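Pasting my_file-v5.txt here (compact mmCIF, C-alpha atoms):
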# COMPACT_ATOMS: atom_id res chain seq x y z
CA MET A 287 -35.36 28.51 -74.56
CA ILE A 288 -33.74 31.44 -72.73
CA PHE A 289 -33.40 30.97 -69.00
CA ARG A 290 -33.30 34.48 -67.55
CA TRP A 291 -31.90 34.74 -64.05
CA LEU A 292 -33.21 37.71 -62.16
CA ILE A 293 -31.23 38.48 -59.01
CA SER A 294 -33.04 40.99 -56.79
CA SER A 295 -32.44 42.40 -53.33
CA SER A 296 -34.32 40.89 -50.37
CA LEU A 297 -34.14 44.00 -48.14
CA ALA A 298 -37.87 43.75 -47.35
CA LEU A 299 -37.17 40.45 -45.63
CA GLY A 300 -34.30 41.84 -43.62
CA LEU A 301 -31.78 39.86 -45.66
CA ALA A 302 -29.65 42.61 -47.14
CA SER A 303 -27.02 40.24 -48.50
CA ALA A 304 -29.41 37.61 -49.88
CA ALA A 305 -30.99 37.43 -53.32
CA VAL A 306 -33.88 35.83 -55.19
CA LEU A 307 -33.03 33.67 -58.17
CA ALA A 308 -35.90 33.42 -60.65
CA GLY A 309 -36.16 31.65 -63.98
CA LYS A 310 -38.23 29.56 -66.32
CA VAL A 311 -37.77 26.01 -67.62
CA GLU A 312 -38.91 24.55 -70.93
CA LEU A 313 -39.33 20.86 -71.73
CA LYS A 314 -38.94 19.63 -75.29
CA ASP A 315 -39.14 16.41 -77.35
CA SER A 316 -41.89 15.07 -75.10
CA ARG A 317 -44.42 12.36 -75.90
CA GLU A 318 -46.60 13.38 -72.96
CA LYS A 319 -49.81 15.12 -74.08
CA SER A 320 -49.74 17.44 -71.09
CA VAL A 321 -46.33 18.71 -72.19
CA GLU A 322 -46.66 18.54 -75.96
CA ARG A 323 -50.13 20.10 -76.18
CA GLY A 324 -50.66 21.72 -72.81
CA HIS A 325 -47.13 23.07 -72.30
CA ASP A 326 -47.10 21.81 -68.72
CA TYR A 327 -43.53 22.23 -67.51
CA SER A 328 -44.19 21.51 -63.84
CA GLY A 329 -42.29 19.01 -61.70
CA VAL A 330 -38.74 20.02 -62.59
CA VAL A 331 -36.58 20.34 -59.48
CA VAL A 332 -33.99 23.12 -59.58
CA TRP A 333 -31.40 23.69 -56.88
CA LEU A 334 -28.08 25.38 -56.10
CA GLU A 335 -25.01 23.86 -54.50
CA LEU A 336 -22.18 26.02 -53.17
CA VAL A 337 -19.05 25.31 -55.20
CA ASN A 338 -16.86 25.49 -52.08
CA GLY A 339 -19.35 23.92 -49.65
CA GLY A 340 -20.01 25.37 -46.21
CA VAL A 341 -23.82 25.11 -45.98
CA VAL A 342 -25.17 25.55 -42.43
CA GLU A 343 -27.33 22.70 -41.12
CA PRO A 344 -30.91 23.60 -40.03
CA ALA A 345 -31.58 23.93 -36.30
CA ALA A 346 -34.33 21.29 -36.46
CA PRO A 347 -35.04 18.50 -38.99
CA PRO A 348 -37.26 19.82 -41.81
CA ARG A 349 -40.62 18.15 -42.36
CA ALA A 350 -42.72 17.48 -45.47
CA THR A 351 -45.82 15.49 -46.44
CA MET A 352 -46.57 13.04 -49.26
CA ILE A 353 -50.27 12.07 -49.27
CA GLN A 354 -51.87 8.85 -50.50
CA LYS A 355 -55.31 9.89 -51.84
CA ASN A 356 -57.61 8.71 -54.64
CA LYS A 357 -55.02 6.04 -55.48
CA LYS A 358 -52.48 8.77 -56.17
CA VAL A 359 -49.33 9.96 -54.41
CA LEU A 360 -49.43 13.73 -53.92
CA PRO A 361 -47.40 15.65 -54.80
CA HIS A 362 -46.05 13.51 -57.61
CA VAL A 363 -42.66 15.25 -57.36
CA LEU A 364 -41.42 16.40 -53.96
CA ALA A 365 -38.10 18.17 -53.38
CA VAL A 366 -36.69 18.15 -49.84
CA ARG A 367 -33.47 18.94 -48.06
CA ARG A 368 -31.29 16.14 -46.72
CA GLY A 369 -32.42 15.18 -43.22
CA THR A 370 -36.10 15.87 -43.86
CA ASN A 371 -38.78 13.74 -42.17
CA ILE A 372 -41.55 12.97 -44.65
CA ASP A 373 -45.01 11.94 -43.42
CA PHE A 374 -47.02 9.53 -45.59
CA PRO A 375 -50.67 9.90 -44.46
CA ASN A 376 -53.19 7.49 -45.98
CA GLN A 377 -56.31 9.52 -46.83
CA ASP A 378 -57.98 6.74 -48.85
CA PRO A 379 -60.60 4.28 -47.52
CA ILE A 380 -58.22 1.46 -48.51
CA PHE A 381 -54.82 0.12 -47.47
CA HIS A 382 -51.54 1.33 -48.98
CA ASN A 383 -47.87 0.32 -48.73
CA ALA A 384 -45.37 2.95 -49.90
CA PHE A 385 -41.88 1.67 -50.65
CA SER A 386 -38.76 2.28 -52.70
CA ASN A 387 -36.10 -0.22 -53.70
CA PHE A 388 -34.53 1.79 -56.53
CA SER A 389 -31.58 4.18 -56.33
CA GLY A 390 -31.68 6.79 -53.61
CA GLN A 391 -32.93 5.72 -50.22
CA VAL A 392 -34.45 2.25 -49.84
CA PHE A 393 -37.45 2.13 -47.50
CA ASP A 394 -40.66 0.19 -46.87
CA ILE A 395 -43.32 1.57 -44.52
CA GLY A 396 -45.39 -1.60 -44.65
CA LEU A 397 -49.13 -2.08 -45.05
CA TYR A 398 -51.04 0.68 -43.27
CA LYS A 399 -54.74 1.37 -42.90
CA PRO A 400 -56.89 4.38 -43.81
CA GLY A 401 -56.50 7.37 -41.53
CA SER A 402 -53.04 6.34 -40.37
CA SER A 403 -49.64 7.71 -41.31
CA ARG A 404 -46.00 6.66 -41.42
CA THR A 405 -42.84 8.79 -41.30
CA VAL A 406 -39.47 8.25 -42.99
CA ARG A 407 -36.31 10.32 -42.55
CA PHE A 408 -34.35 10.91 -45.76
CA GLY A 409 -30.73 11.25 -44.70
CA ARG A 410 -28.78 11.27 -47.94
CA PRO A 411 -29.07 13.16 -51.23
CA GLY A 412 -30.43 11.35 -54.27
CA VAL A 413 -33.54 10.48 -56.26
CA VAL A 414 -36.07 8.22 -54.52
CA ARG A 415 -38.73 6.61 -56.71
CA VAL A 416 -41.79 5.77 -54.61
CA PHE A 417 -44.37 3.06 -55.39
CA CYS A 418 -47.27 1.33 -53.67
CA ASN A 419 -46.88 -2.42 -53.18
CA ILE A 420 -50.63 -2.90 -53.78
CA HIS A 421 -51.50 -0.46 -56.55
CA ALA A 422 -49.11 -0.62 -59.50
CA ALA A 423 -50.27 2.69 -61.00
CA MET A 424 -49.30 4.71 -57.93
CA SER A 425 -45.90 6.37 -58.12
CA ALA A 426 -44.01 9.48 -57.08
CA VAL A 427 -40.50 10.91 -56.98
CA ILE A 428 -38.66 12.41 -54.00
CA VAL A 429 -35.57 14.47 -54.82
CA VAL A 430 -33.33 14.86 -51.76
CA VAL A 431 -30.81 17.67 -52.16
CA ASP A 432 -27.87 18.65 -49.97
CA SER A 433 -28.78 22.33 -50.11
CA PRO A 434 -31.29 24.79 -48.62
CA TRP A 435 -31.73 26.52 -52.01
CA PHE A 436 -34.17 24.50 -54.10
CA THR A 437 -37.63 24.61 -55.62
CA THR A 438 -39.94 22.89 -58.11
CA THR A 439 -41.25 24.51 -61.28
CA ALA A 440 -44.84 25.65 -61.71
CA ALA A 441 -46.98 24.57 -64.68
CA ASP A 442 -45.58 27.36 -66.85
CA GLY A 443 -42.01 26.35 -65.97
CA SER A 444 -41.37 29.35 -63.73
CA PHE A 445 -39.58 29.10 -60.40
CA GLN A 446 -37.97 31.18 -57.67
CA ILE A 447 -35.24 30.33 -55.17
CA ALA A 448 -35.23 32.83 -52.30
CA ASP A 449 -32.61 33.94 -49.78
CA VAL A 450 -29.53 32.99 -51.80
CA PRO A 451 -26.37 34.45 -50.16
CA PRO A 452 -23.54 35.85 -52.28
CA GLY A 453 -21.24 33.17 -53.63
CA GLU A 454 -20.41 30.81 -56.47
CA TYR A 455 -22.94 28.04 -57.11
CA ARG A 456 -23.49 24.99 -59.25
CA LEU A 457 -26.99 25.01 -60.76
CA ARG A 458 -28.49 21.54 -61.02
CA ALA A 459 -31.85 20.21 -62.20
CA PHE A 460 -33.84 16.99 -62.14
CA HIS A 461 -36.71 15.90 -64.36
CA GLU A 462 -38.09 12.38 -64.15
CA ARG A 463 -38.32 11.97 -67.93
CA ALA A 464 -34.82 13.26 -68.68
CA SER A 465 -31.71 11.09 -68.97
CA VAL A 466 -28.68 11.54 -66.72
CA PRO A 467 -26.51 12.84 -69.61
CA GLU A 468 -29.21 15.39 -70.47
CA LEU A 469 -29.40 16.61 -66.88
CA THR A 470 -25.61 16.80 -66.65
CA LYS A 471 -25.55 18.84 -69.84
CA VAL A 472 -27.81 21.55 -68.42
CA GLU A 473 -25.75 22.12 -65.26
CA ARG A 474 -24.22 25.58 -64.94
CA THR A 475 -21.90 27.50 -62.62
CA LEU A 476 -23.14 30.96 -61.65
CA THR A 477 -22.25 33.73 -59.25
CA VAL A 478 -24.63 35.54 -56.90
CA PRO A 479 -25.30 38.46 -56.96
CA GLY A 480 -25.62 39.25 -60.65
CA THR A 481 -28.00 38.89 -63.56
CA ARG A 482 -27.40 36.16 -66.07
CA ALA A 483 -29.25 34.88 -69.12
CA VAL A 484 -28.64 31.17 -69.70
CA ARG A 485 -29.96 29.14 -72.64
CA LEU A 486 -31.34 26.04 -70.96
CA SER A 487 -33.99 23.52 -71.98
CA ILE A 488 -34.50 19.90 -70.97
CA SER A 489 -35.13 17.23 -73.59
CA GLU A 490 -37.21 14.12 -72.94
CA SER A 491 -35.98 12.38 -76.09
CA GLY A 492 -33.92 9.82 -74.16
CA PHE A 493 -36.75 8.79 -71.84
CA LEU A 494 -37.68 5.11 -71.87
CA PRO A 495 -40.50 4.11 -69.47
CA VAL A 496 -39.59 0.98 -67.51
CA PRO A 497 -42.32 -1.10 -65.80
CA HIS A 498 -41.63 -1.62 -62.12
CA LEU A 499 -42.13 -4.71 -59.97
CA ASN A 500 -43.50 -4.88 -56.44
CA LYS A 501 -41.24 -4.73 -53.39
CA HIS A 502 -40.61 -8.48 -53.63
CA GLY A 503 -39.34 -8.19 -57.20
CA LYS A 504 -42.45 -9.83 -58.65
CA GLU A 505 -45.20 -8.70 -61.01
CA TYR A 506 -48.30 -7.15 -59.49
CA PRO A 507 -51.34 -9.46 -59.17
CA SER A 508 -54.24 -8.79 -61.53
CA SER A 509 -56.65 -8.20 -58.62
CA GLU A 510 -56.36 -5.76 -55.72
CA ASP A 511 -59.73 -6.62 -54.16
CA SER A 512 -58.40 -7.96 -50.86
CA TYR A 513 -57.05 -4.52 -49.96
CA GLN A 514 -59.75 -2.27 -51.32
CA VAL A 515 -62.16 -1.49 -48.49
CA VAL A 516 -61.83 -1.48 -44.72
CA LYS A 517 -65.06 -2.54 -43.01
Output the file's structure in the form of structure tokens.
Amino acid sequence: MIFRWLISSSLALGLASAAVLAGKVELKDSREKSVERGHDYSGVVVWLELVNGGVVEPAAPPRATMIQKNKKVLPHVLAVRRGTNIDFPNQDPIFHNAFSNFSGQVFDIGLYKPGSSRTVRFGRPGVVRVFCNIHAAMSAVIVVVDSPWFTTTAADGSFQIADVPPGEYRLRAFHERASVPELTKVERTLTVPGTRAVRLSISESGFLPVPHLNKHGKEYPSSEDSYQVVK
């Protein structure tokens, strides 16, 4: 797959020195029907890190939302900047308990009722895998990056990163069904401004699904009835 970087002027936004970085991602060697048959390349996080550092901190903590609805966590993949406060509203008529005890940031917002919400601040970069302590099938991924230049691919694999100042950057990517060596392999150094064509695709061949336990390190019970409906 050819990854074509299109660097264009952002004069219309009053950012004469900034640029827009656009490209397209392809996933390969997938066993997921949505990818293999439907060519759904969404959910890949792409971001830039300045090679020499020097990123300015935002004036106020960024904010994002991860919804619990229809026994799903939405969006399934959420990219945020370090320091972001994420709200976890429960829009189901049942209880939920979002938590993470994997790599990234460990947190547990506890059991919370329908119509309520909890907030967690994510203060360090990394990958946070989110689960519900009641419903084993619920899961999501939060990718915390130490950069203001990031985005997540659309279904066709396309993406845009706006307002990129001139400089030398390290391009990085994350995909939940790609191995660490595969993700390391696709990293690139690039210079803005400029136009660059990069051959880049992400293979899922090394992906091995691993069942997760609840927050106590135990298997999920066969019944969830005690948490289903609030009366």
Shell of 8 Å around region 440-445 of chain A, all atoms listed in the file, local chain residues under 5 positions omitted, as a PDB file with C-alpha atoms, keeping the file's coordinate frame:
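Written out: out-v4.pdb:
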ATOM      1  CA  ALA A 308     -35.900  33.420 -60.650  1.00  0.00           C
ATOM      2  CA  GLY A 309     -36.160  31.650 -63.980  1.00  0.00           C
ATOM      3  CA  LYS A 310     -38.230  29.560 -66.320  1.00  0.00           C
ATOM      4  CA  VAL A 311     -37.770  26.010 -67.620  1.00  0.00           C
ATOM      5  CA  GLU A 312     -38.910  24.550 -70.930  1.00  0.00           C
ATOM      6  CA  HIS A 325     -47.130  23.070 -72.300  1.00  0.00           C
ATOM      7  CA  ASP A 326     -47.100  21.810 -68.720  1.00  0.00           C
ATOM      8  CA  TYR A 327     -43.530  22.230 -67.510  1.00  0.00           C
ATOM      9  CA  SER A 328     -44.190  21.510 -63.840  1.00  0.00           C
ATOM     10  CA  GLY A 329     -42.290  19.010 -61.700  1.00  0.00           C
ATOM     11  CA  VAL A 330     -38.740  20.020 -62.590  1.00  0.00           C
TER      12      VAL A 330
END
Which residue is closest to Val366 (chain A)? Choose from A:Arg407, A:His502, A:Lys471, A:Lys314 and count all atoms listed in the file.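 Of the candidates, the smallest distance to Val366 (chain A) is held by A:Arg407.
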Excluding Asn338 (chain A) and residues on its chain fewer than 3 positions from it, collect all residues at most 12 Å away from it, counting all atoms listed in the file, and give them as a list in words.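 Residues meeting the cut-off are Leu334, Glu335, Val341, Gly453, Glu454, Tyr455, Arg456 and Thr475 of chain A.
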Find the spatial neighbours of Phe408 (chain A), counting only C-alpha atoms, within a cut-off of 9 Å - ignore same-chain residues fewer than 2 positions away - and output them as a list in words.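 The neighbour list is Val366, Arg367, Arg368, Gly369, Thr370, Asn371, Ile372, Gln391, Val406, Arg410, Pro411 and Val430 of chain A.
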In terms of the shortest atom-to-atom distance over all atoms listed in the file, which of A:Pro348, A:Ser491, A:Asp432, A:Asn376 is closest to Ser465 (chain A)? A:Ser491
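Nearest-residue note for Leu307 (chain A): choosing from A:Thr437, A:Ser403, A:Ser489, A:Gln354, the minimum distance belongs to A:Thr437, counting all atoms listed in the file.
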For CA of Gly340 (chain A) and CA of Pro451 (chain A), determine how far apart the two atoms are, in Å to one decimal place.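 Result for CA of Gly340 (chain A) versus CA of Pro451 (chain A): 11.8 Å, one decimal.
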Point (-32.4, 34.6, -54.9) neighbourhood (7 Å, all atoms listed in the file) written as a VMD selection string: chain A and resid 293 to 294 304 to 308 447 to 450
Length of the CA of Phe385 (chain A) to CA of Trp333 (chain A) vector [Å]: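 Computing it gives 25.2 Å between the two atoms.
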